[in-house]
Amino acid sequence: MGKRDFLTLQDYSEEEIWELLESTKLFKESSSPEIFAENLRNRSVALLFQKPSTRTRVSFEVAVNQLGGHAVYLGWSESQLGRGETVADTARVLSRYVDCVVARVYRQSDLEELAKHATIPVINALSDLYHPCQILADLYTVWEKRGVLKGLKLAYVGDGNNVCNSLLIGCSKMGVNISVACPSGYEPYSKAVEYARENSGKTGSTVEIVRSPEKAVEKADVIYTDTFVSMGDEAEREERLKTFLPTYQVTSALFKHASEDALFMHCLPAHRNEEVTDEVMDGPHSVVWDQAENRLHTAKAVLSELLS
Ligand code: CP
Ligand code: NVA
């Protein structure tokens, strides 16, 4: 059988995503982690990063180690990629040394090029368009906290960025209703919205893009936000803050429109008191630290699935 990549959740069926969530639960809750300690024995994984990272880098590195494998970190600009070696040639060479590449890049097209020329699985560790590893951990977190996914409502408030695109896909695949509130000009990627509408037709969930945060969060079970200034958008920082603030900030007042026990989620890093107030981040609705922890457990599920 050919290799399988993990570039976007759109490539995975609802059943396959459930299998990854079930496997995450086993990794997280097992009282005998030694039974997994050989899953990646004699396997090496390259972590190729073109942008900074705390959670993704550390969770993958620790996941590989806890599964008995070996992780090699490679910064894009410290490698020959930084001096112009092509992505395709890099893919060919890495395929001769390691068993998997976890890559964080600016352009999804570079990731696709990497996957095309690699003979080993490539995992998307965040691109301009998608963040599937994050959304797998998010779905797990919601399932862990609520016991179900189907029929819940997630409201995403803010920039229609990579995280928002993957939430649209992940939620619609799993039957979670999703409502996105964003300013004009900051809508999610049209193709992701198209996929979400297509998926929701199958699962019977709803997909909505609106302007008003109050409308999006109405009766929501989860309020989710992310930075207004993603990596690569730094030059637009001032203009973006002017557009998003104060309307799109997640505050305690906004929570009053949601379900009483609504969860607050954020992929992190948070830009405190920009997209979310300290009061919400540190308040009783917030599950952001469990959400961050779950990156480790889902990383094990994805690695084990692709490398088994
Ligand atoms: N959420 C997330 O991907 O965080 P890092 O940028 O720290 O990896
Ligand atoms: N949207 C953010 C996510 C960081 C994990 C970014 O791309 O910078």
# chains A, B, ... in the order shown; residues from 1 in each chain; ligands from 1
>>> closest_atom_pairs(of="chain A", to="ligand 2", cutoff="12 Å", atoms="only C-alpha atoms and all ligand atoms", output="JSON lines")
{"residue": "A:Gln50", "atom": "CA", "partner": "ligand 2", "partner_atom_place_in_ligand_line": "7 (O)", "distance": 11.7}
{"residue": "A:Lys51", "atom": "CA", "partner": "ligand 2", "partner_atom_place_in_ligand_line": "8 (O)", "distance": 8.6}
{"residue": "A:Pro52", "atom": "CA", "partner": "ligand 2", "partner_atom_place_in_ligand_line": "8 (O)", "distance": 8.8}
{"residue": "A:Ser53", "atom": "CA", "partner": "ligand 2", "partner_atom_place_in_ligand_line": "5 (C)", "distance": 7.4}
{"residue": "A:Thr54", "atom": "CA", "partner": "ligand 2", "partner_atom_place_in_ligand_line": "5 (C)", "distance": 8.8}
{"residue": "A:Arg55", "atom": "CA", "partner": "ligand 2", "partner_atom_place_in_ligand_line": "5 (C)", "distance": 8.2}
{"residue": "A:Thr56", "atom": "CA", "partner": "ligand 2", "partner_atom_place_in_ligand_line": "5 (C)", "distance": 8.1}
{"residue": "A:Arg57", "atom": "CA", "partner": "ligand 2", "partner_atom_place_in_ligand_line": "5 (C)", "distance": 10.9}
{"residue": "A:Arg104", "atom": "CA", "partner": "ligand 2", "partner_atom_place_in_ligand_line": "7 (O)", "distance": 9.9}
{"residue": "A:Val105", "atom": "CA", "partner": "ligand 2", "partner_atom_place_in_ligand_line": "7 (O)", "distance": 9.8}
{"residue": "A:Tyr106", "atom": "CA", "partner": "ligand 2", "partner_atom_place_in_ligand_line": "7 (O)", "distance": 8.6}
{"residue": "A:Arg107", "atom": "CA", "partner": "ligand 2", "partner_atom_place_in_ligand_line": "7 (O)", "distance": 11.0}
{"residue": "A:Gln108", "atom": "CA", "partner": "ligand 2", "partner_atom_place_in_ligand_line": "7 (O)", "distance": 11.9}
{"residue": "A:Asn124", "atom": "CA", "partner": "ligand 2", "partner_atom_place_in_ligand_line": "5 (C)", "distance": 12.0}
{"residue": "A:Ala125", "atom": "CA", "partner": "ligand 2", "partner_atom_place_in_ligand_line": "5 (C)", "distance": 9.0}
{"residue": "A:Leu126", "atom": "CA", "partner": "ligand 2", "partner_atom_place_in_ligand_line": "7 (O)", "distance": 7.0}
{"residue": "A:Ser127", "atom": "CA", "partner": "ligand 2", "partner_atom_place_in_ligand_line": "7 (O)", "distance": 7.1}
{"residue": "A:Asp128", "atom": "CA", "partner": "ligand 2", "partner_atom_place_in_ligand_line": "7 (O)", "distance": 6.4}
{"residue": "A:Leu129", "atom": "CA", "partner": "ligand 2", "partner_atom_place_in_ligand_line": "7 (O)", "distance": 8.5}
{"residue": "A:Tyr130", "atom": "CA", "partner": "ligand 2", "partner_atom_place_in_ligand_line": "7 (O)", "distance": 8.7}
{"residue": "A:His131", "atom": "CA", "partner": "ligand 2", "partner_atom_place_in_ligand_line": "5 (C)", "distance": 7.7}
{"residue": "A:Pro132", "atom": "CA", "partner": "ligand 2", "partner_atom_place_in_ligand_line": "5 (C)", "distance": 10.8}
{"residue": "A:Cys133", "atom": "CA", "partner": "ligand 2", "partner_atom_place_in_ligand_line": "5 (C)", "distance": 10.2}
{"residue": "A:Gln134", "atom": "CA", "partner": "ligand 2", "partner_atom_place_in_ligand_line": "5 (C)", "distance": 7.9}
{"residue": "A:Ile135", "atom": "CA", "partner": "ligand 2", "partner_atom_place_in_ligand_line": "5 (C)", "distance": 10.7}
{"residue": "A:Gly158", "atom": "CA", "partner": "ligand 2", "partner_atom_place_in_ligand_line": "1 (N)", "distance": 10.5}
{"residue": "A:Asp159", "atom": "CA", "partner": "ligand 2", "partner_atom_place_in_ligand_line": "1 (N)", "distance": 8.3}
{"residue": "A:Gly160", "atom": "CA", "partner": "ligand 2", "partner_atom_place_in_ligand_line": "1 (N)", "distance": 9.0}
{"residue": "A:Asn161", "atom": "CA", "partner": "ligand 2", "partner_atom_place_in_ligand_line": "1 (N)", "distance": 5.8}
{"residue": "A:Asn162", "atom": "CA", "partner": "ligand 2", "partner_atom_place_in_ligand_line": "1 (N)", "distance": 5.7}
{"residue": "A:Val163", "atom": "CA", "partner": "ligand 2", "partner_atom_place_in_ligand_line": "1 (N)", "distance": 5.7}
{"residue": "A:Cys164", "atom": "CA", "partner": "ligand 2", "partner_atom_place_in_ligand_line": "1 (N)", "distance": 8.2}
{"residue": "A:Asn165", "atom": "CA", "partner": "ligand 2", "partner_atom_place_in_ligand_line": "1 (N)", "distance": 10.0}
{"residue": "A:Ser166", "atom": "CA", "partner": "ligand 2", "partner_atom_place_in_ligand_line": "1 (N)", "distance": 10.7}
{"residue": "A:Leu167", "atom": "CA", "partner": "ligand 2", "partner_atom_place_in_ligand_line": "1 (N)", "distance": 11.7}
{"residue": "A:Pro188", "atom": "CA", "partner": "ligand 2", "partner_atom_place_in_ligand_line": "1 (N)", "distance": 11.6}
{"residue": "A:Thr225", "atom": "CA", "partner": "ligand 2", "partner_atom_place_in_ligand_line": "1 (N)", "distance": 9.5}
{"residue": "A:Asp226", "atom": "CA", "partner": "ligand 2", "partner_atom_place_in_ligand_line": "1 (N)", "distance": 6.1}
{"residue": "A:Thr227", "atom": "CA", "partner": "ligand 2", "partner_atom_place_in_ligand_line": "1 (N)", "distance": 6.0}
{"residue": "A:Phe228", "atom": "CA", "partner": "ligand 2", "partner_atom_place_in_ligand_line": "1 (N)", "distance": 7.8}
{"residue": "A:Val229", "atom": "CA", "partner": "ligand 2", "partner_atom_place_in_ligand_line": "8 (O)", "distance": 6.8}
{"residue": "A:Ser230", "atom": "CA", "partner": "ligand 2", "partner_atom_place_in_ligand_line": "8 (O)", "distance": 3.4}
{"residue": "A:Met231", "atom": "CA", "partner": "ligand 2", "partner_atom_place_in_ligand_line": "8 (O)", "distance": 3.8}
{"residue": "A:Gly232", "atom": "CA", "partner": "ligand 2", "partner_atom_place_in_ligand_line": "8 (O)", "distance": 7.2}
{"residue": "A:Asp233", "atom": "CA", "partner": "ligand 2", "partner_atom_place_in_ligand_line": "8 (O)", "distance": 8.1}
{"residue": "A:Glu234", "atom": "CA", "partner": "ligand 2", "partner_atom_place_in_ligand_line": "8 (O)", "distance": 9.6}
{"residue": "A:His266", "atom": "CA", "partner": "ligand 2", "partner_atom_place_in_ligand_line": "5 (C)", "distance": 9.3}
{"residue": "A:Cys267", "atom": "CA", "partner": "ligand 2", "partner_atom_place_in_ligand_line": "5 (C)", "distance": 6.1}
{"residue": "A:Leu268", "atom": "CA", "partner": "ligand 2", "partner_atom_place_in_ligand_line": "5 (C)", "distance": 6.0}
{"residue": "A:Pro269", "atom": "CA", "partner": "ligand 2", "partner_atom_place_in_ligand_line": "5 (C)", "distance": 6.4}
{"residue": "A:Ala270", "atom": "CA", "partner": "ligand 2", "partner_atom_place_in_ligand_line": "4 (C)", "distance": 8.9}
{"residue": "A:His271", "atom": "CA", "partner": "ligand 2", "partner_atom_place_in_ligand_line": "2 (C)", "distance": 10.7}
{"residue": "A:Glu275", "atom": "CA", "partner": "ligand 2", "partner_atom_place_in_ligand_line": "1 (N)", "distance": 11.7}
{"residue": "A:Ala292", "atom": "CA", "partner": "ligand 2", "partner_atom_place_in_ligand_line": "5 (C)", "distance": 10.8}
{"residue": "A:Arg295", "atom": "CA", "partner": "ligand 2", "partner_atom_place_in_ligand_line": "5 (C)", "distance": 11.6}
>>> select_by_dssp(residues="stretch 5-188 of chain A", states="alpha helix (DSSP H)", output="VMD selection string")
chain A and resid 14 to 29 55 to 66 87 to 97 108 to 117 132 to 146 162 to 174
>>> residues_around(residues="stretch 255-260 of chain A", least_positions_apart="4", cutoff="7 Å", atoms="only C-alpha atoms", output="number ranges by chain")
A: 214, 217-221, 251
>>> residues_around(residues="A:Trp18", least_positions_apart="3", cutoff="10 Å", atoms="only C-alpha atoms", output="PyMOL selection string")
chain A and resi 12-15+21-24+136+139-140+174
>>> write_last_selection(atoms="C-alpha atoms", output="short mmCIF file (atom, residue, chain, number, x, y, z; two decimals), in the first residue's frame")
data_model
loop_
_atom_site.label_atom_id
_atom_site.label_comp_id
_atom_site.auth_asym_id
_atom_site.auth_seq_id
_atom_site.Cartn_x
_atom_site.Cartn_y
_atom_site.Cartn_z
CA TYR A 12 -9.88 11.78 6.05
CA SER A 13 -13.37 10.35 6.44
CA GLU A 14 -15.57 10.81 9.50
CA GLU A 15 -14.84 7.16 10.44
CA LEU A 21 -9.91 10.19 18.35
CA GLU A 22 -10.41 6.71 19.86
CA SER A 23 -6.70 6.02 19.54
CA THR A 24 -5.93 9.38 21.21
CA LEU A 136 -7.77 16.94 15.72
CA LEU A 139 -12.19 17.80 18.40
CA TYR A 140 -10.75 15.43 20.98
CA MET A 174 -17.93 15.30 12.49
#
>>> residues_around(residues="A:Glu274", least_positions_apart="6", cutoff="9 Å", atoms="only C-alpha atoms", output="compact mmCIF listing (two decimals) with C-alpha atoms, in the first residue's frame")
# COMPACT_ATOMS: atom_id res chain seq x y z
CA THR A 227 -4.77 35.57 16.87
CA PHE A 228 -5.72 38.48 14.59
CA LEU A 241 -6.00 45.43 15.12
CA PHE A 244 -10.85 43.55 14.67
CA LEU A 245 -10.88 45.60 17.88
CA PRO A 246 -12.99 45.98 19.85
CA TYR A 248 -14.18 40.71 17.63
CA GLN A 249 -12.56 40.39 21.06
CA VAL A 250 -13.85 37.44 23.09
>>> closest_residue(among="A:Arg146, A:Arg92, A:Lys28, A:Lys3", to="A:Leu306", atoms="only C-alpha atoms")
A:Lys3
>>> residues_around(residues="A:Gln10", least_positions_apart="3", cutoff="9 Å", atoms="only C-alpha atoms", output="PyMOL selection string")
chain A and resi 7+13+166+169-170+173+192+195-196+199
>>> closest_residue(among="A:Thr298, A:Ser252, A:Asn39, A:Ser77", to="A:Asn65", atoms="only C-alpha atoms")
A:Asn39
>>> residues_around(residues="A:Tyr97", least_positions_apart="6", cutoff="12 Å", atoms="only C-alpha atoms", output="PyMOL selection string")
chain A and resi 42-46+70-72+90-91+118-120
>>> atom_distance(atom1="atom CA of A:Asn294", atom2="atom CA of A:Asp5")
20.7 Å
>>> decode(residues="stretch 100-135 of chain A", atoms="N, CA and C atoms", output="PDB file, in the first residue's frame")
ATOM      1  N   CYS A 100       9.350   9.720   8.297  1.00  0.00           N
ATOM      2  CA  CYS A 100       8.202  10.637   8.279  1.00  0.00           C
ATOM      3  C   CYS A 100       8.734  12.069   8.392  1.00  0.00           C
ATOM      4  N   VAL A 101       8.045  13.015   7.766  1.00  0.00           N
ATOM      5  CA  VAL A 101       8.408  14.432   7.946  1.00  0.00           C
ATOM      6  C   VAL A 101       7.197  15.175   8.496  1.00  0.00           C
ATOM      7  N   VAL A 102       7.411  15.885   9.593  1.00  0.00           N
ATOM      8  CA  VAL A 102       6.392  16.774  10.151  1.00  0.00           C
ATOM      9  C   VAL A 102       6.830  18.177   9.739  1.00  0.00           C
ATOM     10  N   ALA A 103       6.039  18.872   8.912  1.00  0.00           N
ATOM     11  CA  ALA A 103       6.535  20.130   8.345  1.00  0.00           C
ATOM     12  C   ALA A 103       5.607  21.311   8.591  1.00  0.00           C
ATOM     13  N   ARG A 104       6.199  22.397   9.058  1.00  0.00           N
ATOM     14  CA  ARG A 104       5.477  23.673   9.230  1.00  0.00           C
ATOM     15  C   ARG A 104       6.041  24.645   8.205  1.00  0.00           C
ATOM     16  N   VAL A 105       5.180  25.081   7.281  1.00  0.00           N
ATOM     17  CA  VAL A 105       5.644  25.923   6.175  1.00  0.00           C
ATOM     18  C   VAL A 105       4.721  27.118   5.983  1.00  0.00           C
ATOM     19  N   TYR A 106       5.206  28.104   5.245  1.00  0.00           N
ATOM     20  CA  TYR A 106       4.346  29.235   4.931  1.00  0.00           C
ATOM     21  C   TYR A 106       3.286  28.844   3.909  1.00  0.00           C
ATOM     22  N   ARG A 107       3.703  28.087   2.894  1.00  0.00           N
ATOM     23  CA  ARG A 107       2.775  27.830   1.784  1.00  0.00           C
ATOM     24  C   ARG A 107       2.332  26.375   1.723  1.00  0.00           C
ATOM     25  N   GLN A 108       1.032  26.187   1.704  1.00  0.00           N
ATOM     26  CA  GLN A 108       0.475  24.834   1.556  1.00  0.00           C
ATOM     27  C   GLN A 108       1.043  24.181   0.297  1.00  0.00           C
ATOM     28  N   SER A 109       1.316  24.979  -0.738  1.00  0.00           N
ATOM     29  CA  SER A 109       1.834  24.404  -1.986  1.00  0.00           C
ATOM     30  C   SER A 109       3.219  23.770  -1.759  1.00  0.00           C
ATOM     31  N   ASP A 110       4.015  24.324  -0.836  1.00  0.00           N
ATOM     32  CA  ASP A 110       5.319  23.707  -0.525  1.00  0.00           C
ATOM     33  C   ASP A 110       5.124  22.357   0.161  1.00  0.00           C
ATOM     34  N   LEU A 111       4.106  22.302   0.993  1.00  0.00           N
ATOM     35  CA  LEU A 111       3.798  21.057   1.701  1.00  0.00           C
ATOM     36  C   LEU A 111       3.370  19.980   0.704  1.00  0.00           C
ATOM     37  N   GLU A 112       2.562  20.410  -0.258  1.00  0.00           N
ATOM     38  CA  GLU A 112       2.090  19.462  -1.278  1.00  0.00           C
ATOM     39  C   GLU A 112       3.251  18.982  -2.147  1.00  0.00           C
ATOM     40  N   GLU A 113       4.160  19.904  -2.435  1.00  0.00           N
ATOM     41  CA  GLU A 113       5.360  19.561  -3.220  1.00  0.00           C
ATOM     42  C   GLU A 113       6.226  18.565  -2.432  1.00  0.00           C
ATOM     43  N   LEU A 114       6.367  18.821  -1.149  1.00  0.00           N
ATOM     44  CA  LEU A 114       7.141  17.936  -0.265  1.00  0.00           C
ATOM     45  C   LEU A 114       6.518  16.535  -0.270  1.00  0.00           C
ATOM     46  N   ALA A 115       5.202  16.499  -0.097  1.00  0.00           N
ATOM     47  CA  ALA A 115       4.493  15.211  -0.036  1.00  0.00           C
ATOM     48  C   ALA A 115       4.582  14.479  -1.373  1.00  0.00           C
ATOM     49  N   LYS A 116       4.541  15.243  -2.454  1.00  0.00           N
ATOM     50  CA  LYS A 116       4.570  14.636  -3.794  1.00  0.00           C
ATOM     51  C   LYS A 116       5.900  13.929  -4.057  1.00  0.00           C
ATOM     52  N   HIS A 117       6.986  14.537  -3.599  1.00  0.00           N
ATOM     53  CA  HIS A 117       8.300  13.974  -3.920  1.00  0.00           C
ATOM     54  C   HIS A 117       8.877  13.114  -2.802  1.00  0.00           C
ATOM     55  N   ALA A 118       8.211  13.059  -1.648  1.00  0.00           N
ATOM     56  CA  ALA A 118       8.688  12.205  -0.559  1.00  0.00           C
ATOM     57  C   ALA A 118       8.064  10.826  -0.718  1.00  0.00           C
ATOM     58  N   THR A 119       8.822   9.797  -0.365  1.00  0.00           N
ATOM     59  CA  THR A 119       8.252   8.438  -0.412  1.00  0.00           C
ATOM     60  C   THR A 119       7.751   8.043   0.970  1.00  0.00           C
ATOM     61  N   ILE A 120       7.799   8.980   1.903  1.00  0.00           N
ATOM     62  CA  ILE A 120       7.391   8.744   3.299  1.00  0.00           C
ATOM     63  C   ILE A 120       6.241   9.692   3.647  1.00  0.00           C
ATOM     64  N   PRO A 121       5.475   9.385   4.706  1.00  0.00           N
ATOM     65  CA  PRO A 121       4.353  10.263   5.064  1.00  0.00           C
ATOM     66  C   PRO A 121       4.806  11.670   5.471  1.00  0.00           C
ATOM     67  N   VAL A 122       4.010  12.658   5.051  1.00  0.00           N
ATOM     68  CA  VAL A 122       4.256  14.057   5.433  1.00  0.00           C
ATOM     69  C   VAL A 122       3.064  14.536   6.258  1.00  0.00           C
ATOM     70  N   ILE A 123       3.354  15.137   7.403  1.00  0.00           N
ATOM     71  CA  ILE A 123       2.310  15.647   8.300  1.00  0.00           C
ATOM     72  C   ILE A 123       2.350  17.169   8.288  1.00  0.00           C
ATOM     73  N   ASN A 124       1.189  17.782   8.088  1.00  0.00           N
ATOM     74  CA  ASN A 124       1.092  19.251   8.098  1.00  0.00           C
ATOM     75  C   ASN A 124       1.115  19.770   9.537  1.00  0.00           C
ATOM     76  N   ALA A 125       2.170  20.481   9.880  1.00  0.00           N
ATOM     77  CA  ALA A 125       2.308  21.047  11.224  1.00  0.00           C
ATOM     78  C   ALA A 125       1.912  22.520  11.238  1.00  0.00           C
ATOM     79  N   LEU A 126       1.183  22.959  10.248  1.00  0.00           N
ATOM     80  CA  LEU A 126       0.636  24.314  10.044  1.00  0.00           C
ATOM     81  C   LEU A 126       1.168  24.912   8.749  1.00  0.00           C
ATOM     82  N   SER A 127       0.237  25.353   7.932  1.00  0.00           N
ATOM     83  CA  SER A 127       0.597  26.107   6.722  1.00  0.00           C
ATOM     84  C   SER A 127      -0.249  27.367   6.704  1.00  0.00           C
ATOM     85  N   ASP A 128      -0.146  28.123   5.617  1.00  0.00           N
ATOM     86  CA  ASP A 128      -0.992  29.311   5.490  1.00  0.00           C
ATOM     87  C   ASP A 128      -2.477  28.923   5.456  1.00  0.00           C
ATOM     88  N   LEU A 129      -2.778  27.715   4.982  1.00  0.00           N
ATOM     89  CA  LEU A 129      -4.180  27.341   4.793  1.00  0.00           C
ATOM     90  C   LEU A 129      -4.782  26.466   5.883  1.00  0.00           C
ATOM     91  N   TYR A 130      -3.997  25.552   6.445  1.00  0.00           N
ATOM     92  CA  TYR A 130      -4.588  24.547   7.330  1.00  0.00           C
ATOM     93  C   TYR A 130      -3.733  24.240   8.558  1.00  0.00           C
ATOM     94  N   HIS A 131      -4.417  23.727   9.596  1.00  0.00           N
ATOM     95  CA  HIS A 131      -3.718  23.256  10.802  1.00  0.00           C
ATOM     96  C   HIS A 131      -4.436  21.995  11.319  1.00  0.00           C
ATOM     97  N   PRO A 132      -4.362  20.898  10.540  1.00  0.00           N
ATOM     98  CA  PRO A 132      -5.159  19.709  10.889  1.00  0.00           C
ATOM     99  C   PRO A 132      -4.795  19.071  12.230  1.00  0.00           C
ATOM    100  N   CYS A 133      -3.523  19.099  12.614  1.00  0.00           N
ATOM    101  CA  CYS A 133      -3.121  18.482  13.891  1.00  0.00           C
ATOM    102  C   CYS A 133      -3.789  19.213  15.061  1.00  0.00           C
ATOM    103  N   GLN A 134      -3.874  20.536  14.939  1.00  0.00           N
ATOM    104  CA  GLN A 134      -4.527  21.333  15.978  1.00  0.00           C
ATOM    105  C   GLN A 134      -5.999  20.961  16.082  1.00  0.00           C
ATOM    106  N   ILE A 135      -6.653  20.865  14.948  1.00  0.00           N
ATOM    107  CA  ILE A 135      -8.102  20.653  14.971  1.00  0.00           C
ATOM    108  C   ILE A 135      -8.433  19.240  15.442  1.00  0.00           C
TER     109      ILE A 135
END
